[in-house]
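Visitor: After the C-alpha cells below, expect a handful of questions from me.
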Amino acid sequence: MALQNRTDPFGNIIATPERGTLMGNRGILHDHGQQLIRKSRNKAWVFCLLNWRGIRRQVMGEGRYTELFFLDEATAFAAGHRPCSDCQRDRFNLFKRSWISANSEYHQLDNPSIAAIDKILHGERIGRRSEKISYSDQAANVPEGAFISHQGNAYLKWKGNYVLWTFSGYRAAVNLPPEQEVNVLTPQSIVRCFSAGFVPRVHQSLDEY
C-alpha cells in the first residue's frame with residue numbers, strides 16, 4: 001500500500017505508487033500510524049538526493065521527519081521547496097546566489113541568511129489555512145521551469161510550450177496565447193530566479209519535447 005508522501009506542484013501530498021527522483025523534508029508530518037496529520041512543521045522546506053553517502057532510512061519512521069518525494073526539481077520548486085545544503089551543497093549555493101541576485105531589489109536584504117530566505121519563501125507558498133498561494137501573470141511572462149494551473153491541472157513552461165504534469169512524467173504540450181492570464185504555482189521569488197537564468201532540472205520524460 002502506497003504511503004501518502006508524493007508531492008505535486010500544488011504542494012498537495014498524495015498516496016500513489018509512482019516513485020519520484022528527489023526526496024524532500026518539511027519536518028514531522030505523520031503520526032505513529034504513518035498517517036499524515038499536517039502539511040508543514042517548519043519553514044525550511046528542502047529537497048534532497050535519493051541516495052547520499054549510503055544512508056538508508058525507514059520511510060515515515062516514528063519520530064523521524066516525513067520523507068516526501070518529487071518528480072523532479074521543477075516540481076519541488078513549484079511546491080515551495082529549495083535545495084538541501086547538506087546533500088547538494090553546490091546546487092544550494094548556486095540557488096542561494098541566484099535568489100539573492102534576482103530578489104535583492106524586492107526584499108531589501110543584504111546577504112540574507114538561508115533562514116531569512118526560507119521565511120520569505122514560506123510566505124509565498126502557503127497561507128494561514130495551509131492553502132497553496134499562487135499569483136496571476138500573462139503567459140508570456142512565465143519563465144522556463146515554472147508551473148501554472150490550467151483547467152485544474154499543473155503545466156510546466158518548457159521550450160515555449162506548457163506541458164502537462166503527472167506523477168509519472170510529462171505528457172502532451174499545449175500552446176497558450178502570450179497575453180492570456182495564467183495562475184502561477186511556483187513561488188514568485190523562485191520565478192524571478194528562473195527569469196534571471198537559473199534553470200531547474202526536469203524529468204527525463206521531457207526529452208521528447
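Ordering of the C-alpha cells sets the chain letters (A, B, ...), residue numbers begin anew at 1 in every chain, and ligands are numbered from 1 in the order given.
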Need the shell around Ser130 (chain A): protein/DNA/RNA residues with any atom at most 10 Å away, counting only C-alpha atoms. Skip same-chain ones fewer than 4 positions apart. Format as a PyMOL selection string?
Guide: chain A and resi 11+38-40+125-126
Visitor: Emit the selected residues as a PDB file, in the first residue's frame, including N, CA and C atoms.
Guide:
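Now in again09.pdb:
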```
ATOM      1  N   GLY A  11       1.600  21.482  -4.195  1.00  0.00           N
ATOM      2  CA  GLY A  11       2.002  21.290  -2.811  1.00  0.00           C
ATOM      3  C   GLY A  11       1.203  20.231  -2.091  1.00  0.00           C
ATOM      4  N   ARG A  38      -0.504  16.796   9.199  1.00  0.00           N
ATOM      5  CA  ARG A  38      -0.283  18.214   8.912  1.00  0.00           C
ATOM      6  C   ARG A  38       0.458  18.332   7.591  1.00  0.00           C
ATOM      7  N   LYS A  39       0.477  19.540   7.010  1.00  0.00           N
ATOM      8  CA  LYS A  39       1.158  19.773   5.736  1.00  0.00           C
ATOM      9  C   LYS A  39       2.541  20.378   5.912  1.00  0.00           C
ATOM     10  N   SER A  40       2.791  20.953   7.092  1.00  0.00           N
ATOM     11  CA  SER A  40       4.073  21.611   7.313  1.00  0.00           C
ATOM     12  C   SER A  40       4.374  21.663   8.797  1.00  0.00           C
ATOM     13  N   ARG A 125       4.381  30.545  -0.382  1.00  0.00           N
ATOM     14  CA  ARG A 125       3.925  29.221  -0.825  1.00  0.00           C
ATOM     15  C   ARG A 125       2.688  28.724  -0.100  1.00  0.00           C
ATOM     16  N   ILE A 126       2.445  29.178   1.132  1.00  0.00           N
ATOM     17  CA  ILE A 126       1.355  28.597   1.916  1.00  0.00           C
ATOM     18  C   ILE A 126       0.690  29.679   2.764  1.00  0.00           C
TER      19      ILE A 126
END
```
Visitor: Skipping near chain neighbours, those fewer than 6 positions away, what residues fall within 8 Å of Phe147 (chain A) using only C-alpha atoms, listed as a list in words?
Guide: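 Answer for this query is Pro9, Ala74, Thr75, Ala78, Ala154, Tyr155, Leu156, Lys157, Val184, Leu185 and Thr186 of chain A.
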Visitor: Rounded to one decimal, what separation in Å do you get between CA of Arg91 (chain A) and CA of Tyr162 (chain A)?
Guide: 25.4 Å
Visitor: DSSP on the backbone, then: every residue of region 27-183 of chain A marked strand (DSSP E), written as a count of residues only.
Guide: 38
Visitor: Write out as a Markdown table the residues of region 51-104 of chain A that have any atom within 12 Å of an atom of region 112-122 of chain A, one row each with the nearest atom pair and its distance in Å to one decimal, counting only C-alpha atoms, sorted by chain and then rising number.
Guide:
```
| residue | atom | partner | partner_atom | distance |
| --- | --- | --- | --- | --- |
| A:Phe77 | CA | A:Leu121 | CA | 10.3 |
| A:Ala78 | CA | A:Leu121 | CA | 11.0 |
| A:Ala79 | CA | A:Leu121 | CA | 10.4 |
| A:Gly80 | CA | A:Leu121 | CA | 6.8 |
| A:His81 | CA | A:Leu121 | CA | 8.3 |
| A:Arg82 | CA | A:Asp118 | CA | 8.6 |
| A:Pro83 | CA | A:Ile114 | CA | 10.8 |
| A:Cys84 | CA | A:Ile114 | CA | 10.6 |
| A:Ser85 | CA | A:Ile114 | CA | 9.6 |
| A:Phe92 | CA | A:Ile114 | CA | 9.8 |
| A:Asn93 | CA | A:Ile114 | CA | 10.1 |
| A:Phe95 | CA | A:Ile114 | CA | 10.5 |
| A:Lys96 | CA | A:Ile114 | CA | 7.5 |
| A:Arg97 | CA | A:Pro112 | CA | 10.1 |
| A:Ser98 | CA | A:Ile117 | CA | 11.8 |
| A:Trp99 | CA | A:Ile117 | CA | 8.4 |
| A:Ile100 | CA | A:Pro112 | CA | 7.6 |
| A:Ser101 | CA | A:Pro112 | CA | 11.0 |
| A:Asn103 | CA | A:Ile117 | CA | 10.0 |
| A:Ser104 | CA | A:Pro112 | CA | 9.4 |
```
Visitor: I need the residues from that last selection saved to file as a tab-separated table (two decimals), in the first residue's frame (with N, CA and C atoms), if you can.
Guide:
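Once everything was written out, this is again-v4.tsv:
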```tsv
chain	number	residue	atom	x	y	z
A	77	PHE	N	10.40	22.84	-6.64
A	77	PHE	CA	10.38	24.30	-6.56
A	77	PHE	C	8.96	24.84	-6.58
A	78	ALA	N	8.11	24.28	-7.45
A	78	ALA	CA	6.73	24.75	-7.53
A	78	ALA	C	6.00	24.54	-6.21
A	79	ALA	N	6.29	23.43	-5.54
A	79	ALA	CA	5.66	23.15	-4.25
A	79	ALA	C	6.22	24.04	-3.14
A	80	GLY	N	7.32	24.75	-3.42
A	80	GLY	CA	7.88	25.69	-2.45
A	80	GLY	C	9.14	25.22	-1.75
A	81	HIS	N	9.76	24.17	-2.25
A	81	HIS	CA	10.99	23.64	-1.64
A	81	HIS	C	12.22	24.25	-2.33
A	82	ARG	N	13.38	24.15	-1.66
A	82	ARG	CA	14.66	24.61	-2.24
A	82	ARG	C	15.72	23.56	-1.95
A	83	PRO	N	16.89	23.62	-2.62
A	83	PRO	CA	17.91	22.57	-2.45
A	83	PRO	C	18.43	22.46	-1.02
A	84	CYS	N	18.71	21.24	-0.61
A	84	CYS	CA	19.31	20.96	0.70
A	84	CYS	C	20.78	21.37	0.69
A	85	SER	N	21.24	21.98	1.78
A	85	SER	CA	22.63	22.43	1.85
A	85	SER	C	23.59	21.30	2.24
A	92	PHE	N	22.79	24.08	-3.79
A	92	PHE	CA	22.28	25.01	-2.79
A	92	PHE	C	22.94	26.37	-2.93
A	93	ASN	N	24.27	26.38	-3.05
A	93	ASN	CA	24.99	27.65	-3.16
A	93	ASN	C	24.59	28.41	-4.42
A	95	PHE	N	21.71	28.15	-6.02
A	95	PHE	CA	20.36	28.66	-5.84
A	95	PHE	C	20.36	29.89	-4.94
A	96	LYS	N	21.09	29.85	-3.84
A	96	LYS	CA	21.10	30.98	-2.92
A	96	LYS	C	21.64	32.23	-3.59
A	97	ARG	N	22.75	32.09	-4.33
A	97	ARG	CA	23.30	33.26	-5.05
A	97	ARG	C	22.29	33.79	-6.06
A	98	SER	N	21.65	32.88	-6.78
A	98	SER	CA	20.68	33.30	-7.79
A	98	SER	C	19.48	33.99	-7.15
A	99	TRP	N	19.02	33.43	-6.03
A	99	TRP	CA	17.86	34.01	-5.35
A	99	TRP	C	18.18	35.42	-4.87
A	100	ILE	N	19.34	35.61	-4.25
A	100	ILE	CA	19.71	36.93	-3.75
A	100	ILE	C	19.84	37.93	-4.89
A	101	SER	N	20.49	37.51	-5.98
A	101	SER	CA	20.67	38.40	-7.12
A	101	SER	C	19.34	38.80	-7.75
A	103	ASN	N	16.33	38.82	-6.35
A	103	ASN	CA	15.31	39.35	-5.44
A	103	ASN	C	15.77	40.52	-4.57
A	104	SER	N	17.02	40.97	-4.73
A	104	SER	CA	17.54	41.99	-3.84
A	104	SER	C	16.72	43.28	-3.87
```
Visitor: Could you tell me which of A:Pro143, A:Gly169, A:Gly27, A:Pro187 comes closest to Asn42 (chain A) if we count only C-alpha atoms?
Guide: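 When distances to Asn42 (chain A) are compared using only C-alpha atoms, the smallest one comes from A:Gly27.
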Visitor: For Ala139 (chain A), list every protein, DNA or RNA residue within 8 Å, evaluated using only C-alpha atoms, and leave out those in the same chain fewer than 2 positions away; present the list as a list in words.
Guide: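 In the requested form, the answer reads Asp137, Asn141, Val142, Leu176, Pro177, Pro178, Glu179, Gln180, Glu181 and Val182 of chain A.
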Visitor: Next, the residues of the selection above should be written as a PDB file, in the first residue's frame with C-alpha atoms.
Guide:
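File produced: selection18.pdb:
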```
ATOM      1  CA  ASP A 137       0.529  36.901 -14.736  1.00  0.00           C
ATOM      2  CA  ASN A 141       5.965  36.419 -18.637  1.00  0.00           C
ATOM      3  CA  VAL A 142       6.251  32.909 -17.177  1.00  0.00           C
ATOM      4  CA  LEU A 176      -1.399  29.436 -24.754  1.00  0.00           C
ATOM      5  CA  PRO A 177      -1.771  32.963 -26.150  1.00  0.00           C
ATOM      6  CA  PRO A 178       1.024  35.189 -24.803  1.00  0.00           C
ATOM      7  CA  GLU A 179      -1.469  37.674 -23.383  1.00  0.00           C
ATOM      8  CA  GLN A 180      -3.563  35.040 -21.564  1.00  0.00           C
ATOM      9  CA  GLU A 181      -3.748  35.479 -17.799  1.00  0.00           C
ATOM     10  CA  VAL A 182      -2.497  32.351 -16.014  1.00  0.00           C
TER      11      VAL A 182
END
```
Visitor: Rank nothing, just name the residue among A:Asp86, A:Ile133, A:Asn183, A:Glu67 nearest to Ser149 (chain A), using only C-alpha atoms.
Guide: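 Residue with the minimum atom-to-atom distance to Ser149 (chain A): A:Asn183.
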Visitor: Restricting the calculation to only C-alpha atoms, which member of A:Glu144, A:Asn161, A:Gln34, A:Tyr106 is positioned closest to Ala196 (chain A)?
Guide: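 Distance minimum relative to Ala196 (chain A) lands on A:Glu144.
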Visitor: I want to know what sits within 10 Å of Asn51 (chain A), based on only C-alpha atoms, with residues of the same chain fewer than 4 positions away left out; could you give that as a list in words?
Guide: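 Counting only C-alpha atoms, the residues come to Thr21, Leu22, Met23, Ile55, Arg56 and Cys87 of chain A.
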Visitor: Could those residues be written to a file, using N, CA and C atoms, as a tab-separated table (two decimals), in the first residue's frame?
Guide:
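Now in selection-v4.tsv:
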```tsv
chain	number	residue	atom	x	y	z
A	21	THR	N	12.12	11.27	-8.22
A	21	THR	CA	13.57	11.28	-8.41
A	21	THR	C	14.28	12.08	-7.33
A	22	LEU	N	13.51	12.76	-6.46
A	22	LEU	CA	14.07	13.54	-5.36
A	22	LEU	C	13.26	13.31	-4.10
A	23	MET	N	13.89	13.48	-2.96
A	23	MET	CA	13.21	13.39	-1.67
A	23	MET	C	13.12	14.79	-1.07
A	55	ILE	N	23.29	6.36	3.07
A	55	ILE	CA	22.36	6.39	4.20
A	55	ILE	C	21.04	5.76	3.80
A	56	ARG	N	20.54	4.87	4.64
A	56	ARG	CA	19.25	4.22	4.40
A	56	ARG	C	18.32	4.57	5.56
A	87	CYS	N	23.23	17.60	1.26
A	87	CYS	CA	23.46	16.58	0.23
A	87	CYS	C	23.73	17.16	-1.15
```
Visitor: In Å, rounded to a single decimal, give me how far CA of Gln204 (chain A) is from CA of Thr166 (chain A).
Guide: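 Computing the Euclidean distance for CA of Thr166 (chain A) and CA of Gln204 (chain A) yields 12.9 Å.
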